[in-house]
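K.L.:
My file is structure.cif. It has mmCIF, C-alpha atoms:
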data_target
#
loop_
_atom_site.label_atom_id
_atom_site.label_comp_id
_atom_site.auth_asym_id
_atom_site.auth_seq_id
_atom_site.Cartn_x
_atom_site.Cartn_y
_atom_site.Cartn_z
CA MET A 577 -99.07 -111.26 171.03
CA LYS A 578 -100.17 -108.95 168.22
CA PHE A 579 -98.98 -105.95 170.24
CA PHE A 580 -95.58 -107.63 170.64
CA ARG A 581 -95.30 -108.18 166.87
CA TYR A 582 -96.20 -104.54 166.23
CA THR A 583 -93.61 -103.42 168.75
CA VAL A 584 -90.90 -105.61 167.20
CA CYS A 585 -91.78 -104.43 163.69
CA ALA A 586 -91.70 -100.82 164.80
CA ALA A 587 -88.35 -101.33 166.47
CA LEU A 588 -86.92 -103.02 163.37
CA CYS A 589 -88.20 -100.21 161.11
CA LEU A 590 -86.72 -97.62 163.46
CA LEU A 591 -83.41 -99.49 163.46
CA ALA A 592 -83.43 -99.74 159.66
CA LEU A 593 -84.24 -96.01 159.37
CA PHE A 594 -81.38 -95.15 161.73
CA ALA A 595 -79.00 -97.41 159.79
CA CYS A 596 -80.01 -95.77 156.47
CA LYS A 597 -79.58 -92.32 157.94
CA LYS A 598 -76.18 -93.27 159.33
CA GLU A 599 -75.13 -94.65 155.91
CA GLU A 600 -76.31 -91.41 154.25
CA GLU A 601 -74.35 -89.32 156.76
CA GLU A 602 -71.25 -91.43 156.24
CA ALA A 603 -71.70 -91.23 152.47
CA GLU A 604 -71.85 -87.41 152.69
CA ILE A 605 -68.48 -87.14 154.40
CA LYS A 606 -65.97 -86.24 151.72
CA PRO A 607 -62.43 -84.88 151.75
CA SER A 608 -61.82 -81.23 150.89
CA LEU A 609 -59.89 -79.62 148.07
CA ILE A 610 -56.73 -77.79 149.09
CA GLY A 611 -56.55 -73.99 149.28
CA SER A 612 -59.03 -71.16 148.93
CA LEU A 613 -60.60 -69.31 146.04
CA THR A 614 -60.63 -65.52 145.92
CA VAL A 615 -63.08 -63.46 143.89
CA PRO A 616 -60.85 -61.06 141.90
CA PHE A 617 -63.34 -58.21 141.48
CA PRO A 618 -62.50 -54.81 143.03
CA SER A 619 -65.14 -53.19 145.22
CA TYR A 620 -65.75 -50.39 142.70
CA VAL A 621 -65.41 -50.57 138.93
CA LEU A 622 -66.24 -48.64 135.77
CA ALA A 623 -68.37 -49.73 132.85
CA GLY A 624 -66.19 -51.42 130.23
CA GLN A 625 -63.42 -52.21 132.71
CA VAL A 626 -61.82 -55.58 132.02
CA ILE A 627 -61.38 -57.99 134.96
CA ASP A 628 -59.02 -60.96 134.73
CA VAL A 629 -60.96 -63.81 136.32
CA SER A 630 -58.62 -66.49 137.67
CA PHE A 631 -59.39 -69.68 139.58
CA ALA A 632 -55.92 -69.88 141.12
CA GLY A 633 -55.50 -70.93 144.74
CA ILE A 634 -57.19 -74.36 144.71
CA THR A 635 -55.39 -77.66 144.07
CA HIS A 636 -56.53 -81.29 143.89
CA PRO A 637 -55.04 -83.50 146.65
CA GLU A 638 -54.33 -86.18 144.07
CA GLY A 639 -52.99 -83.82 141.43
CA LYS A 640 -56.01 -84.33 139.19
CA GLY A 641 -57.92 -81.75 137.19
CA LEU A 642 -60.54 -79.42 138.65
CA GLY A 643 -63.80 -78.07 137.34
CA PHE A 644 -64.71 -74.39 137.58
CA VAL A 645 -68.07 -72.60 137.55
CA PHE A 646 -68.85 -68.89 137.32
CA LYS A 647 -72.15 -67.10 137.87
CA ASP A 648 -72.56 -64.08 135.61
CA PRO A 649 -73.40 -61.11 137.85
CA LEU A 650 -75.86 -59.53 135.40
CA SER A 651 -77.69 -62.54 133.95
CA GLU A 652 -77.21 -64.66 137.11
CA LYS A 653 -76.56 -67.63 134.84
CA MET A 654 -74.17 -70.26 136.19
CA ASP A 655 -71.71 -71.59 133.58
CA THR A 656 -69.08 -74.31 133.73
CA VAL A 657 -65.91 -72.70 132.36
CA ARG A 658 -63.74 -75.78 132.84
CA ARG A 659 -64.44 -79.49 133.37
CA GLU A 660 -62.34 -81.90 135.38
CA ASN A 661 -61.18 -83.86 132.35
CA ASP A 662 -60.35 -80.88 130.15
CA PRO A 663 -56.72 -80.71 128.93
CA PRO A 664 -54.29 -78.83 131.25
CA GLU A 665 -53.89 -75.95 128.80
CA LYS A 666 -57.55 -75.04 129.37
CA THR A 667 -57.20 -73.17 132.64
CA GLY A 668 -60.73 -71.82 132.83
CA ASP A 669 -59.39 -68.28 133.31
CA PHE A 670 -61.09 -65.60 131.23
CA GLN A 671 -61.71 -61.86 130.99
CA TYR A 672 -64.97 -60.35 132.17
CA VAL A 673 -66.05 -56.96 130.81
CA ILE A 674 -67.98 -54.86 133.32
CA PRO A 675 -71.47 -54.11 131.96
CA ASP A 676 -72.65 -50.59 131.22
CA THR A 677 -75.16 -50.71 134.06
CA LEU A 678 -74.85 -48.76 137.30
CA GLY A 679 -75.48 -50.61 140.53
CA THR A 680 -74.14 -53.31 142.81
CA PHE A 681 -73.84 -56.90 141.56
CA SER A 682 -73.06 -60.22 143.24
CA VAL A 683 -70.36 -62.59 142.00
CA SER A 684 -70.14 -66.35 142.60
CA MET A 685 -67.26 -68.64 141.66
CA GLY A 686 -66.81 -72.32 142.42
CA VAL A 687 -64.40 -75.26 142.13
CA PHE A 688 -65.46 -78.92 142.04
CA ALA A 689 -63.97 -82.39 141.68
CA ASP A 690 -65.50 -85.85 141.81
CA GLY A 691 -65.41 -87.29 145.33
CA TYR A 692 -64.59 -83.97 147.00
CA TYR A 693 -66.56 -81.16 148.52
CA SER A 694 -66.88 -78.25 146.11
CA LYS A 695 -65.70 -74.82 147.20
CA MET A 696 -67.54 -71.58 146.50
CA SER A 697 -66.49 -67.96 146.93
CA TYR A 698 -68.74 -64.93 146.87
CA GLY A 699 -68.19 -61.23 146.34
CA SER A 700 -69.72 -58.12 144.84
CA PHE A 701 -68.79 -55.00 142.91
CA THR A 702 -70.40 -51.61 142.35
CA VAL A 703 -70.36 -49.93 138.94
CA ILE A 704 -69.99 -46.16 139.26
CA LYS A 705 -69.77 -43.18 136.94
CA PRO A 706 -66.19 -42.09 136.11
CA GLY A 707 -64.62 -38.69 136.43
CA LEU A 708 -64.76 -35.73 138.78
CA HIS A 709 -67.41 -33.86 136.82
CA GLY A 710 -70.61 -35.79 136.27
CA GLY A 711 -69.16 -38.83 138.03
CA ALA A 712 -69.86 -40.69 141.27
CA LEU A 713 -68.48 -37.87 143.45
CA THR A 714 -70.86 -34.92 143.55
CA ASN A 715 -71.17 -31.60 145.41
CA HIS A 716 -67.39 -31.51 145.87
CA GLY A 717 -67.12 -27.83 144.97
CA ILE A 718 -64.55 -28.13 142.17
CA ALA A 719 -65.52 -26.55 138.86
CA PRO A 720 -63.94 -27.52 135.51
CA GLU A 721 -62.61 -24.01 135.02
CA ASP A 722 -60.82 -23.84 138.40
CA LEU A 723 -57.03 -23.68 138.64
CA LYS A 724 -55.26 -26.94 137.84
CA ILE A 725 -51.92 -28.39 136.83
CA THR A 726 -50.86 -31.47 134.88
CA ALA A 727 -48.23 -33.61 136.63
CA PRO A 728 -45.46 -35.36 134.64
CA ASP A 729 -47.35 -38.67 134.88
CA GLY A 730 -50.35 -37.08 133.16
CA GLN A 731 -52.52 -36.70 136.26
CA GLU A 732 -54.42 -33.42 136.60
CA TYR A 733 -54.80 -31.76 139.99
CA TYR A 734 -56.95 -28.81 140.96
CA TYR A 735 -55.42 -26.37 143.44
CA ALA A 736 -56.35 -23.22 145.35
CA ARG A 737 -54.45 -20.43 147.06
CA ILE A 738 -54.80 -20.49 150.86
CA GLY A 739 -52.71 -17.91 152.71
CA SER A 740 -49.32 -17.58 151.06
CA ARG A 741 -49.36 -21.10 149.57
CA ASN A 742 -51.03 -23.01 146.78
CA TRP A 743 -52.60 -26.27 147.97
CA PHE A 744 -53.81 -29.32 146.08
CA ARG A 745 -57.57 -29.70 146.36
CA GLN A 746 -57.31 -33.43 145.65
CA ASN A 747 -55.34 -36.30 147.14
CA VAL A 748 -52.28 -37.40 145.18
CA ARG A 749 -52.76 -40.49 142.99
CA LYS A 750 -49.27 -41.08 141.62
CA ASN A 751 -49.47 -44.73 140.59
CA ALA A 752 -45.75 -45.49 140.80
CA SER A 753 -46.25 -46.04 144.54
CA GLY A 754 -48.94 -46.15 147.19
CA ILE A 755 -52.06 -48.30 147.36
CA SER A 756 -55.66 -47.85 146.19
CA TYR A 757 -58.76 -48.10 148.35
CA ASN A 758 -59.93 -51.72 148.30
CA THR A 759 -57.78 -52.39 145.20
CA SER A 760 -60.18 -50.25 143.14
CA SER A 761 -57.46 -48.23 141.41
CA ILE A 762 -59.18 -47.57 138.07
CA ALA A 763 -62.47 -46.41 139.56
CA LEU A 764 -61.42 -44.76 142.83
CA ASP A 765 -57.91 -43.31 142.40
CA PRO A 766 -59.26 -40.29 140.45
CA ILE A 767 -61.76 -39.67 143.27
CA PHE A 768 -59.94 -40.49 146.51
CA GLY A 769 -56.30 -40.60 145.48
CA ARG A 770 -53.91 -43.19 146.92
CA TYR A 771 -52.57 -44.00 150.37
CA TYR A 772 -48.82 -43.68 150.94
CA THR A 773 -46.35 -44.60 153.62
CA TRP A 774 -44.35 -41.64 154.85
CA GLU A 775 -41.30 -42.59 152.77
CA GLU A 776 -43.48 -42.86 149.67
CA ALA A 777 -45.19 -39.57 150.52
CA ARG A 778 -41.88 -37.70 150.54
CA SER A 779 -41.50 -38.24 146.78
CA ALA A 780 -45.18 -38.29 145.77
CA CYS A 781 -45.53 -34.60 144.81
CA PRO A 782 -44.68 -33.42 141.27
CA ASP A 783 -41.77 -31.08 140.56
CA GLY A 784 -42.36 -27.60 141.96
CA TRP A 785 -44.56 -28.95 144.73
CA ARG A 786 -43.69 -30.49 148.12
CA LEU A 787 -45.10 -32.50 150.99
CA PRO A 788 -46.31 -29.81 153.45
CA THR A 789 -44.30 -29.11 156.58
CA GLU A 790 -45.83 -28.11 159.89
CA ASN A 791 -45.03 -24.49 158.99
CA ASP A 792 -47.11 -24.88 155.84
CA TRP A 793 -50.04 -26.13 157.88
CA VAL A 794 -49.62 -23.24 160.35
CA ASP A 795 -49.76 -20.77 157.44
CA LEU A 796 -52.99 -22.42 156.25
CA ALA A 797 -54.52 -22.29 159.72
CA LYS A 798 -53.71 -18.61 160.22
CA ALA A 799 -55.08 -17.76 156.78
CA LEU A 800 -58.38 -19.31 157.88
CA GLY A 801 -58.57 -17.26 161.06
CA CYS A 802 -56.81 -19.43 163.64
CA SER A 803 -54.62 -16.67 165.09
CA ASP A 804 -53.05 -18.84 167.83
CA ALA A 805 -52.01 -21.64 165.45
CA ALA A 806 -48.62 -23.15 166.23
CA ALA A 807 -46.63 -26.08 164.91
CA ARG A 808 -47.31 -29.46 166.57
CA LYS A 809 -50.55 -28.16 168.11
CA ASP A 810 -54.19 -28.86 167.25
CA PHE A 811 -55.93 -26.10 165.31
CA THR A 812 -59.41 -25.25 166.62
CA GLY A 813 -62.43 -24.18 164.58
CA LEU A 814 -61.01 -25.15 161.17
CA ALA A 815 -62.40 -28.52 160.13
CA GLY A 816 -65.63 -27.27 158.60
CA SER A 817 -63.81 -24.77 156.39
CA LEU A 818 -61.63 -27.60 155.00
CA MET A 819 -64.32 -30.27 154.46
CA ALA A 820 -66.18 -30.75 151.19
CA ASP A 821 -69.87 -31.52 151.71
CA ALA A 822 -69.57 -34.18 149.04
CA TYR A 823 -71.62 -37.25 148.14
CA PHE A 824 -70.18 -40.49 146.80
CA ASP A 825 -72.48 -42.70 144.73
CA GLY A 826 -75.42 -40.81 146.22
CA LYS A 827 -74.31 -41.15 149.85
CA LYS A 828 -73.21 -38.18 151.97
CA MET A 829 -69.55 -38.68 152.90
CA TRP A 830 -69.21 -36.56 156.03
CA VAL A 831 -71.93 -37.49 158.51
CA TYR A 832 -73.81 -34.43 159.74
CA TRP A 833 -72.78 -33.01 163.11
CA GLN A 834 -74.20 -29.73 164.37
CA ALA A 835 -70.85 -28.83 165.92
CA VAL A 836 -69.12 -28.96 162.52
CA PRO A 837 -70.51 -26.46 160.01
CA ILE A 838 -69.23 -27.73 156.65
CA THR A 839 -68.52 -24.78 154.38
CA ASP A 840 -65.28 -25.67 152.56
CA ALA A 841 -64.59 -21.92 152.68
CA SER A 842 -60.91 -22.65 152.01
CA HIS A 843 -61.67 -24.75 148.86
CA PHE A 844 -59.43 -27.46 150.35
CA CYS A 845 -62.10 -30.12 149.62
CA ALA A 846 -61.14 -32.66 152.30
CA LEU A 847 -62.87 -36.06 152.02
CA PRO A 848 -63.10 -38.69 154.79
CA THR A 849 -60.92 -41.35 153.13
CA GLY A 850 -59.39 -42.58 156.40
CA TYR A 851 -56.05 -44.39 156.35
CA ALA A 852 -54.55 -47.83 155.74
CA LEU A 853 -52.60 -50.00 158.18
CA TRP A 854 -50.27 -52.88 157.29
CA ASN A 855 -51.13 -55.91 159.46
CA GLY A 856 -48.22 -58.11 158.39
CA THR A 857 -49.90 -59.68 155.36
CA ARG A 858 -52.00 -56.94 153.78
CA TYR A 859 -53.30 -53.40 154.23
CA ALA A 860 -56.51 -52.90 156.22
CA PHE A 861 -58.45 -49.70 155.57
CA ARG A 862 -59.69 -47.82 158.61
CA ASP A 863 -61.96 -44.84 159.34
CA PHE A 864 -63.27 -44.42 155.79
CA ASP A 865 -66.26 -42.02 156.01
CA VAL A 866 -65.02 -40.95 159.46
CA ARG A 867 -61.87 -38.85 159.05
CA ALA A 868 -59.30 -37.47 156.64
CA VAL A 869 -55.59 -38.03 157.32
CA PHE A 870 -52.73 -36.17 155.59
CA TRP A 871 -48.98 -36.69 156.01
CA THR A 872 -46.69 -33.82 156.93
CA ALA A 873 -42.98 -33.69 156.09
CA ASP A 874 -42.02 -33.48 159.76
CA GLU A 875 -40.77 -36.32 161.95
CA SER A 876 -41.34 -37.10 165.61
CA GLY A 877 -38.71 -39.53 166.85
CA ASP A 878 -39.11 -42.76 164.91
CA ASP A 879 -42.56 -41.68 163.68
CA ALA A 880 -43.80 -39.01 161.29
CA LEU A 881 -46.45 -36.35 161.90
CA TYR A 882 -49.82 -36.17 160.20
CA ARG A 883 -52.79 -33.83 160.24
CA SER A 884 -56.33 -35.21 160.53
CA ILE A 885 -59.97 -34.16 160.56
CA TYR A 886 -62.69 -36.09 162.41
CA GLN A 887 -66.30 -35.93 161.34
CA ASN A 888 -67.57 -34.77 164.75
CA ARG A 889 -64.93 -32.25 165.88
CA ASN A 890 -64.33 -28.85 164.30
CA MET A 891 -60.55 -29.17 164.66
CA LEU A 892 -57.46 -29.99 162.63
CA PHE A 893 -55.63 -32.49 164.81
CA ILE A 894 -51.93 -33.32 164.99
CA GLY A 895 -50.84 -36.94 165.33
CA ALA A 896 -47.88 -39.28 164.79
CA ALA A 897 -47.69 -42.68 163.12
CA ASP A 898 -45.23 -45.34 162.05
CA LYS A 899 -43.42 -44.50 158.83
CA GLN A 900 -43.60 -48.01 157.35
CA SER A 901 -46.94 -49.54 158.41
CA PHE A 902 -49.21 -46.47 158.35
CA ALA A 903 -50.45 -45.17 154.97
CA ALA A 904 -52.25 -41.84 154.60
CA SER A 905 -53.32 -39.34 151.97
CA VAL A 906 -51.00 -36.72 150.49
CA ARG A 907 -51.72 -33.08 149.64
CA CYS A 908 -49.02 -31.06 147.92
CA VAL A 909 -48.16 -27.42 148.50
CA GLN A 910 -46.02 -24.70 146.94
CA ASP A 911 -45.22 -21.08 147.73
CA ALA A 912 -47.62 -18.82 145.84
CA LEU A 913 -46.17 -16.18 143.52
#
Here is the file; what I need is its structure written in the form of structure tokens.
P.N.:
Amino acid sequence: MKFFRYTVCAALCLLALFACKKEEEEAEIKPSLIGSLTVPFPSYVLAGQVIDVSFAGITHPEGKGLGFVFKDPLSEKMDTVRRENDPPEKTGDFQYVIPDTLGTFSVSMGVFADGYYSKMSYGSFTVIKPGLHGGALTNHGIAPEDLKITAPDGQEYYYARIGSRNWFRQNVRKNASGISYNTSSIALDPIFGRYYTWEEARSACPDGWRLPTENDWVDLAKALGCSDAAARKDFTGLAGSLMADAYFDGKKMWVYWQAVPITDASHFCALPTGYALWNGTRYAFRDFDVRAVFWTADESGDDALYRSIYQNRNMLFIGAADKQSFAASVRCVQDAL
């Protein structure tokens, strides 16, 4: 009889525990806020750069106010920048000044409302040194006293004579068009330049300079010893003499391959910045740290031609890509006096 009472008690306790757990699970089920929150920090930034932090993208299903929290990347302190019952004019948006500390930092932002699941978004940014000399890009082979021009928009470009032409040693960064790598325009445009569609590339060079034709590339190839170079053909044995053995933020950009002796004998200073591809909603960056891609002025049917360098092949390849969805780097050329 005692055993029966113990069994019944145990069963009742188990039932009560299950009921409590079920009530807890049901109590935890909440509706969700509408939308998504995006961390607005670029991948790479400079010390002192000002970031506009916005909590746009999330709405309350009932039209009520939302609360916002932000975790300071340096102090890692979480602050409430807006409460649910604050007046509408207090948006919670603010400006964050990038600290004068090199390194990579994590960012956390969140939205909350009573009776709803909160939403959090996470990201990170890397603070780098600015400029070409003494900055994040090192061992690029360009000296301050080397030949350079100042474009009408104020941008300075170093150039070198190769064959019978003068060539830019840097990718164009005209900010009236094109896109920046991972939206990091302030920090990275001076280092990697911008990516342009073919139509944008046609007008990207400053006055007196032009987008190189296939004949310009053939002249470059022959000047570097490729005697059988011809338009619309791959050039063999040239990649190493065009590649800069550069480091970005302490990391070697071109991965070492024994078959590709990197000398940058031409002073062309090619960097593996890859290309960008429009996917219907945004640009996706491809082959960064793997190859360099440069537009030519020549067309091939509905496409346009480009020249590219892969990290593991000592060749300057010829390729074709869509004029609207494909974005590549631009080097400018002019006939040397």
K.L.:
For the atom pair atom CA of Gly816 of chain A and atom CA of Ser884 of chain A, what is the interatomic distance in Å to one decimal place?
P.N.:
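Atom-to-atom, atom CA of Gly816 of chain A and atom CA of Ser884 of chain A are spaced 12.4 Å apart.
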K.L.:
Return as a ChimeraX atom specification the set of residues that the PyMOL selection byres ((chain A and resi 763-779) around 7) yields on the displayed structure.
P.N.:
/A:620-622,706-708,713,747-749,753-757,760-762,780-781,787,849,851-852,871,873,880,899-906
K.L.:
In terms of the shortest atom-to-atom distance over all atoms listed in the file, which of A:Leu881, A:Leu613, A:Leu892, A:Leu800 is closest to Ser697 of chain A?
P.N.:
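Nearest candidate to Ser697 of chain A out of A:Leu881, A:Leu613, A:Leu892, A:Leu800: A:Leu613.
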K.L.:
Just to confirm, what's the straight-line distance from atom CA of Cys845 of chain A to atom CA of Asp804 of chain A in Å (one decimal)?
P.N.:
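One can read the atom CA of Cys845 of chain A to atom CA of Asp804 of chain A distance as 23.3 Å.
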K.L.:
Got a sec to resolve the PyMOL selection byres ((chain A and resi 658-663) around 6) on this structure and send the residues as a ChimeraX atom specification?
P.N.:
/A:641-644,656-657,664-666,668
K.L.:
Going by the chain IDs and residue numbers used in this file, which residues fall under the PyMOL selection byres ((chain A and resi 746) around 7)? Write them as a list in words.
P.N.:
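Here the PyMOL selection byres ((chain A and resi 746) around 7) matches Tyr733, Tyr734, Phe744, Arg745, Asn747, Val748 and Arg907 of chain A.
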K.L.:
Export C-alpha atoms of the chosen residues as a short mmCIF file (atom, residue, chain, number, x, y, z; two decimals), in the frame of the given file?
P.N.:
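Written output follows (result02.cif):
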data_model
loop_
_atom_site.label_atom_id
_atom_site.label_comp_id
_atom_site.auth_asym_id
_atom_site.auth_seq_id
_atom_site.Cartn_x
_atom_site.Cartn_y
_atom_site.Cartn_z
CA TYR A 733 -54.80 -31.76 139.99
CA TYR A 734 -56.95 -28.81 140.96
CA PHE A 744 -53.81 -29.32 146.08
CA ARG A 745 -57.57 -29.70 146.36
CA ASN A 747 -55.34 -36.30 147.14
CA VAL A 748 -52.28 -37.40 145.18
CA ARG A 907 -51.72 -33.08 149.64
#
K.L.:
When distances are computed from all atoms listed in the file, which of A:Ser700, A:Ala835, A:Tyr693, A:Pro637 shows the smallest separation from Pro649 of chain A?
P.N.:
A:Ser700
K.L.:
What is the atom CA of Gly691 of chain A to atom CA of Glu652 of chain A distance in Å?
P.N.:
26.8 Å
